[in-house]
Amino acid sequence: MTSTPPPAPGLTRFNTSPDGVALAALREVCAGPAWGRALLARRPYATEEELLAAGDAATAELTDAELAEAMAGHPPIGRPEPGDPASAREQRGMAGASGALRDEMAELNLAYQERFGHVFLICATGATAEEMRDALRTRLGHTPEREREIARRELGRINRVRLSRLVTEGFAAAPVTGSGPAPAAAPAPVSAAASASVSTHILDTSAGRPAAGVAVGLAARTEHGAGPDGAWAALGTAVTGPDGRCGDLPVPPPGTTHVRLTFETGPYLDRAEPFFPEVTVTFAVTPGEHYHVPLLLNPFGYSVYRGS
């Protein structure tokens, strides 16, 4: 009779971590909340391959709206978000691309988003800039239905790479003892003078495409003005681009404790009396961390979350 070997330490730590810790780690793998909840519900996993298979199944089960939400967490090829080391590492094939090739990729990305309403998604790990460009050219000729399924497949491949790295690196650093939750790693010290940074993007879930041309205002409340009656300081306004992203917001000042994003949604919704003339989102921040807070918008509903 053969005995089953115990799970690797990183997988054991993932299995036994509190739900909130595990779910936050899964959101770094895939921005789609439904995907993370599906994997969380299937814990514990005996092997890494069992976890990867569960990730494949969760990707296959995403509805079109959930798939769009998951894809919205990925930046365009060649433009990883600041503070997004996973995308930067995966897109390293673009590092040596010429200026002409980068310009061509930017134009192709824009044409793709205008045609399909979502970011061009490809598992870029190990791919050269030329290979990604050629794939983008080819996929521009697909029907929306075919391209959606290819994007789903590529999302699954990306999730596999990230999920494997999560259990071999992200959850393997701290020791695992007994059967209870492993202790969380001590946070790195952060300078009191450090500042948080903020970015956002908007996905129009009713149209299945990014929301371009939306003005987004940023305001901050510092530690000296904390509390429900603290004063807000307006820092500036930016406008979402063709990909729905608004990554050029001002940097909040050191000591910021709360941030407020105001999305001027009325003109975009293009109604005589829009139900949401604006959407305001307030959230707490920690110095030294980056906060990507997307808005998923439709004429009569919206949701926000902390993305990656």
# chains A, B, ... in the order shown; residues from 1 in each chain; ligands from 1
call {"tool": "residues_around", "arguments": {"residues": "Gly32 in chain A", "least_positions_apart": "4", "cutoff": "7 Å", "atoms": "only C-alpha atoms", "output": "MDAnalysis selection string"}}
result
chainID A and resid 36 66 69:70
call {"tool": "residues_around", "arguments": {"residues": "range 115-122 of chain A", "least_positions_apart": "5", "cutoff": "7 Å", "atoms": "only C-alpha atoms", "output": "compact mmCIF listing (two decimals) with N, CA and C atoms, in the first residue's frame"}}
result
# COMPACT_ATOMS: atom_id res chain seq x y z
N MET A 71 -10.73 39.96 -17.58
CA MET A 71 -9.83 40.52 -18.58
C MET A 71 -9.52 41.98 -18.30
N ALA A 72 -10.48 42.69 -17.70
CA ALA A 72 -10.28 44.11 -17.43
C ALA A 72 -9.14 44.36 -16.45
N PRO A 76 -2.80 46.54 -21.38
CA PRO A 76 -2.42 46.23 -22.77
C PRO A 76 -0.97 45.75 -22.84
N ASN A 109 -3.22 47.41 -30.59
CA ASN A 109 -4.00 47.26 -29.37
C ASN A 109 -5.27 48.10 -29.42
N PRO A 144 -16.02 38.06 -33.21
CA PRO A 144 -16.06 38.31 -31.76
C PRO A 144 -16.26 37.03 -30.96
N ALA A 151 -9.57 34.36 -26.05
CA ALA A 151 -9.18 35.17 -24.89
C ALA A 151 -9.39 34.38 -23.60
N GLU A 154 -6.49 32.02 -23.30
CA GLU A 154 -5.27 32.71 -22.90
C GLU A 154 -5.33 33.12 -21.43
N LEU A 155 -6.50 33.54 -20.97
CA LEU A 155 -6.66 33.87 -19.56
C LEU A 155 -6.36 32.64 -18.71
N GLY A 208 -19.92 45.90 -22.89
CA GLY A 208 -18.80 44.98 -22.98
C GLY A 208 -17.55 45.61 -23.54
N ARG A 209 -17.31 46.89 -23.18
CA ARG A 209 -16.12 47.57 -23.69
C ARG A 209 -15.65 48.62 -22.68
N PRO A 210 -14.39 49.07 -22.82
CA PRO A 210 -13.91 50.12 -21.91
C PRO A 210 -14.70 51.41 -22.10
call {"tool": "residues_around", "arguments": {"residues": "range 283-289 of chain A", "least_positions_apart": "2", "cutoff": "6 Å", "atoms": "only C-alpha atoms", "output": "PDB file with C-alpha atoms, in the first residue's frame"}}
result
ATOM      1  CA  ALA A 194       5.842  57.427   1.871  1.00  0.00           C
ATOM      2  CA  SER A 195       2.768  58.031  -0.248  1.00  0.00           C
ATOM      3  CA  ALA A 196       0.161  55.695  -1.662  1.00  0.00           C
ATOM      4  CA  THR A 257      -5.217  58.098   4.890  1.00  0.00           C
ATOM      5  CA  HIS A 258      -8.280  58.213   2.629  1.00  0.00           C
ATOM      6  CA  VAL A 259      -8.742  58.751  -1.097  1.00  0.00           C
TER       7      VAL A 259
END
call {"tool": "residues_around", "arguments": {"residues": "range 133-138 of chain A", "least_positions_apart": "6", "cutoff": "12 Å", "atoms": "only C-alpha atoms", "output": "MDAnalysis selection string"}}
result
chainID A and resid 76:78 93:94 97 100:113 119:124 127 147 150:151 154
call {"tool": "write_last_selection", "arguments": {"atoms": "C-alpha atoms", "output": "short mmCIF file (atom, residue, chain, number, x, y, z; two decimals), in the first residue's frame"}}
result
data_model
loop_
_atom_site.label_atom_id
_atom_site.label_comp_id
_atom_site.auth_asym_id
_atom_site.auth_seq_id
_atom_site.Cartn_x
_atom_site.Cartn_y
_atom_site.Cartn_z
CA PRO A 76 -2.42 46.23 -22.77
CA ILE A 77 0.70 44.45 -24.03
CA GLY A 78 3.61 46.85 -23.71
CA GLY A 93 9.60 40.07 -24.25
CA MET A 94 8.68 43.70 -25.03
CA ALA A 97 11.36 46.06 -28.75
CA ALA A 100 8.63 51.36 -34.24
CA LEU A 101 7.44 48.00 -32.93
CA ARG A 102 6.11 49.56 -29.74
CA ASP A 103 4.21 52.14 -31.78
CA GLU A 104 2.78 49.39 -33.98
CA MET A 105 1.69 47.42 -30.91
CA ALA A 106 -0.04 50.50 -29.50
CA GLU A 107 -1.97 51.00 -32.76
CA LEU A 108 -2.89 47.33 -33.00
CA ASN A 109 -4.00 47.26 -29.37
CA LEU A 110 -6.28 50.22 -29.98
CA ALA A 111 -7.74 48.63 -33.14
CA TYR A 112 -8.32 45.39 -31.23
CA GLN A 113 -10.12 47.13 -28.35
CA VAL A 119 -7.99 44.25 -24.00
CA PHE A 120 -5.92 41.93 -26.22
CA LEU A 121 -5.08 39.03 -23.92
CA ILE A 122 -2.23 36.63 -24.58
CA CYS A 123 -0.06 34.49 -22.31
CA ALA A 124 3.09 36.55 -22.91
CA ALA A 127 6.96 35.19 -26.07
CA GLU A 147 -11.95 35.75 -30.19
CA ILE A 150 -9.40 32.43 -27.52
CA ALA A 151 -9.18 35.17 -24.89
CA GLU A 154 -5.27 32.71 -22.90
#
call {"tool": "decode", "arguments": {"residues": "range 244-258 of chain A", "atoms": "all heavy atoms", "output": "mmCIF file, in the first residue's frame"}}
result
data_model
loop_
_atom_site.group_PDB
_atom_site.id
_atom_site.type_symbol
_atom_site.label_atom_id
_atom_site.label_comp_id
_atom_site.auth_asym_id
_atom_site.auth_seq_id
_atom_site.Cartn_x
_atom_site.Cartn_y
_atom_site.Cartn_z
ATOM 1 N N GLY A 244 -10.059 52.674 -21.499
ATOM 2 C CA GLY A 244 -10.797 52.841 -20.248
ATOM 3 C C GLY A 244 -9.916 53.104 -19.052
ATOM 4 O O GLY A 244 -10.426 53.243 -17.934
ATOM 5 N N ARG A 245 -8.605 53.171 -19.252
ATOM 6 C CA ARG A 245 -7.685 53.310 -18.130
ATOM 7 C C ARG A 245 -7.397 54.781 -17.833
ATOM 8 O O ARG A 245 -7.399 55.622 -18.713
ATOM 9 C CB ARG A 245 -6.380 52.559 -18.394
ATOM 10 C CG ARG A 245 -6.605 51.063 -18.441
ATOM 11 C CD ARG A 245 -5.334 50.252 -18.625
ATOM 12 N NE ARG A 245 -5.660 48.842 -18.563
ATOM 13 C CZ ARG A 245 -5.686 48.124 -17.444
ATOM 14 N NH1 ARG A 245 -5.342 48.693 -16.317
ATOM 15 N NH2 ARG A 245 -6.021 46.856 -17.456
ATOM 16 N N CYS A 246 -7.117 55.013 -16.565
ATOM 17 C CA CYS A 246 -6.842 56.371 -16.100
ATOM 18 C C CYS A 246 -5.666 56.267 -15.138
ATOM 19 O O CYS A 246 -5.812 56.376 -13.924
ATOM 20 C CB CYS A 246 -8.082 56.930 -15.411
ATOM 21 S SG CYS A 246 -8.011 58.685 -15.041
ATOM 22 N N GLY A 247 -4.487 56.014 -15.690
ATOM 23 C CA GLY A 247 -3.329 55.747 -14.864
ATOM 24 C C GLY A 247 -2.501 56.974 -14.537
ATOM 25 O O GLY A 247 -1.489 56.864 -13.847
ATOM 26 N N ASP A 248 -2.892 58.152 -15.037
ATOM 27 C CA ASP A 248 -2.077 59.351 -14.821
ATOM 28 C C ASP A 248 -2.680 60.265 -13.761
ATOM 29 O O ASP A 248 -2.552 61.486 -13.818
ATOM 30 C CB ASP A 248 -1.887 60.114 -16.132
ATOM 31 C CG ASP A 248 -3.204 60.444 -16.818
ATOM 32 O OD1 ASP A 248 -4.248 59.916 -16.372
ATOM 33 O OD2 ASP A 248 -3.192 61.207 -17.798
ATOM 34 N N LEU A 249 -3.327 59.695 -12.769
ATOM 35 C CA LEU A 249 -3.866 60.492 -11.675
ATOM 36 C C LEU A 249 -2.729 61.039 -10.823
ATOM 37 O O LEU A 249 -1.653 60.444 -10.735
ATOM 38 C CB LEU A 249 -4.793 59.637 -10.813
ATOM 39 C CG LEU A 249 -6.127 59.236 -11.456
ATOM 40 C CD1 LEU A 249 -6.800 58.134 -10.637
ATOM 41 C CD2 LEU A 249 -7.051 60.437 -11.564
ATOM 42 N N PRO A 250 -2.950 62.186 -10.176
ATOM 43 C CA PRO A 250 -1.891 62.740 -9.315
ATOM 44 C C PRO A 250 -1.565 61.783 -8.169
ATOM 45 O O PRO A 250 -2.391 60.964 -7.759
ATOM 46 C CB PRO A 250 -2.512 64.040 -8.791
ATOM 47 C CG PRO A 250 -3.633 64.352 -9.726
ATOM 48 C CD PRO A 250 -4.139 63.044 -10.235
ATOM 49 N N VAL A 251 -0.356 61.909 -7.655
ATOM 50 C CA VAL A 251 0.061 61.102 -6.507
ATOM 51 C C VAL A 251 -0.417 61.792 -5.232
ATOM 52 O O VAL A 251 -0.131 62.983 -5.027
ATOM 53 C CB VAL A 251 1.589 60.937 -6.486
ATOM 54 C CG1 VAL A 251 2.024 60.178 -5.238
ATOM 55 C CG2 VAL A 251 2.049 60.221 -7.739
ATOM 56 N N PRO A 252 -1.146 61.095 -4.354
ATOM 57 C CA PRO A 252 -1.587 61.715 -3.100
ATOM 58 C C PRO A 252 -0.386 62.131 -2.253
ATOM 59 O O PRO A 252 0.687 61.532 -2.328
ATOM 60 C CB PRO A 252 -2.382 60.594 -2.415
ATOM 61 C CG PRO A 252 -2.808 59.691 -3.533
ATOM 62 C CD PRO A 252 -1.675 59.738 -4.517
ATOM 63 N N PRO A 253 -0.545 63.158 -1.431
ATOM 64 C CA PRO A 253 0.584 63.625 -0.617
ATOM 65 C C PRO A 253 0.931 62.630 0.489
ATOM 66 O O PRO A 253 0.098 61.805 0.871
ATOM 67 C CB PRO A 253 0.055 64.944 -0.026
ATOM 68 C CG PRO A 253 -1.423 64.776 -0.010
ATOM 69 C CD PRO A 253 -1.761 63.967 -1.228
ATOM 70 N N PRO A 254 2.156 62.666 0.986
ATOM 71 C CA PRO A 254 2.519 61.808 2.120
ATOM 72 C C PRO A 254 1.560 62.016 3.283
ATOM 73 O O PRO A 254 1.103 63.136 3.538
ATOM 74 C CB PRO A 254 3.937 62.282 2.470
ATOM 75 C CG PRO A 254 4.472 62.848 1.193
ATOM 76 C CD PRO A 254 3.293 63.490 0.528
ATOM 77 N N GLY A 255 1.272 60.933 3.988
ATOM 78 C CA GLY A 255 0.357 61.019 5.119
ATOM 79 C C GLY A 255 -1.098 60.851 4.753
ATOM 80 O O GLY A 255 -1.978 60.926 5.627
ATOM 81 N N THR A 256 -1.401 60.607 3.473
ATOM 82 C CA THR A 256 -2.793 60.403 3.063
ATOM 83 C C THR A 256 -3.358 59.141 3.706
ATOM 84 O O THR A 256 -2.718 58.085 3.689
ATOM 85 C CB THR A 256 -2.894 60.289 1.532
ATOM 86 O OG1 THR A 256 -2.545 61.543 0.951
ATOM 87 C CG2 THR A 256 -4.308 59.912 1.101
ATOM 88 N N THR A 257 -4.557 59.247 4.256
ATOM 89 C CA THR A 257 -5.217 58.098 4.890
ATOM 90 C C THR A 257 -6.441 57.629 4.114
ATOM 91 O O THR A 257 -6.806 56.462 4.178
ATOM 92 C CB THR A 257 -5.650 58.447 6.323
ATOM 93 O OG1 THR A 257 -6.496 59.611 6.293
ATOM 94 C CG2 THR A 257 -4.438 58.715 7.205
ATOM 95 N N HIS A 258 -7.090 58.552 3.414
ATOM 96 C CA HIS A 258 -8.280 58.213 2.629
ATOM 97 C C HIS A 258 -8.207 58.909 1.265
ATOM 98 O O HIS A 258 -7.707 60.023 1.159
ATOM 99 C CB HIS A 258 -9.568 58.652 3.351
ATOM 100 C CG HIS A 258 -9.783 57.972 4.664
ATOM 101 N ND1 HIS A 258 -9.298 58.476 5.848
ATOM 102 C CD2 HIS A 258 -10.410 56.813 4.981
ATOM 103 C CE1 HIS A 258 -9.627 57.672 6.840
ATOM 104 N NE2 HIS A 258 -10.299 56.654 6.337
#
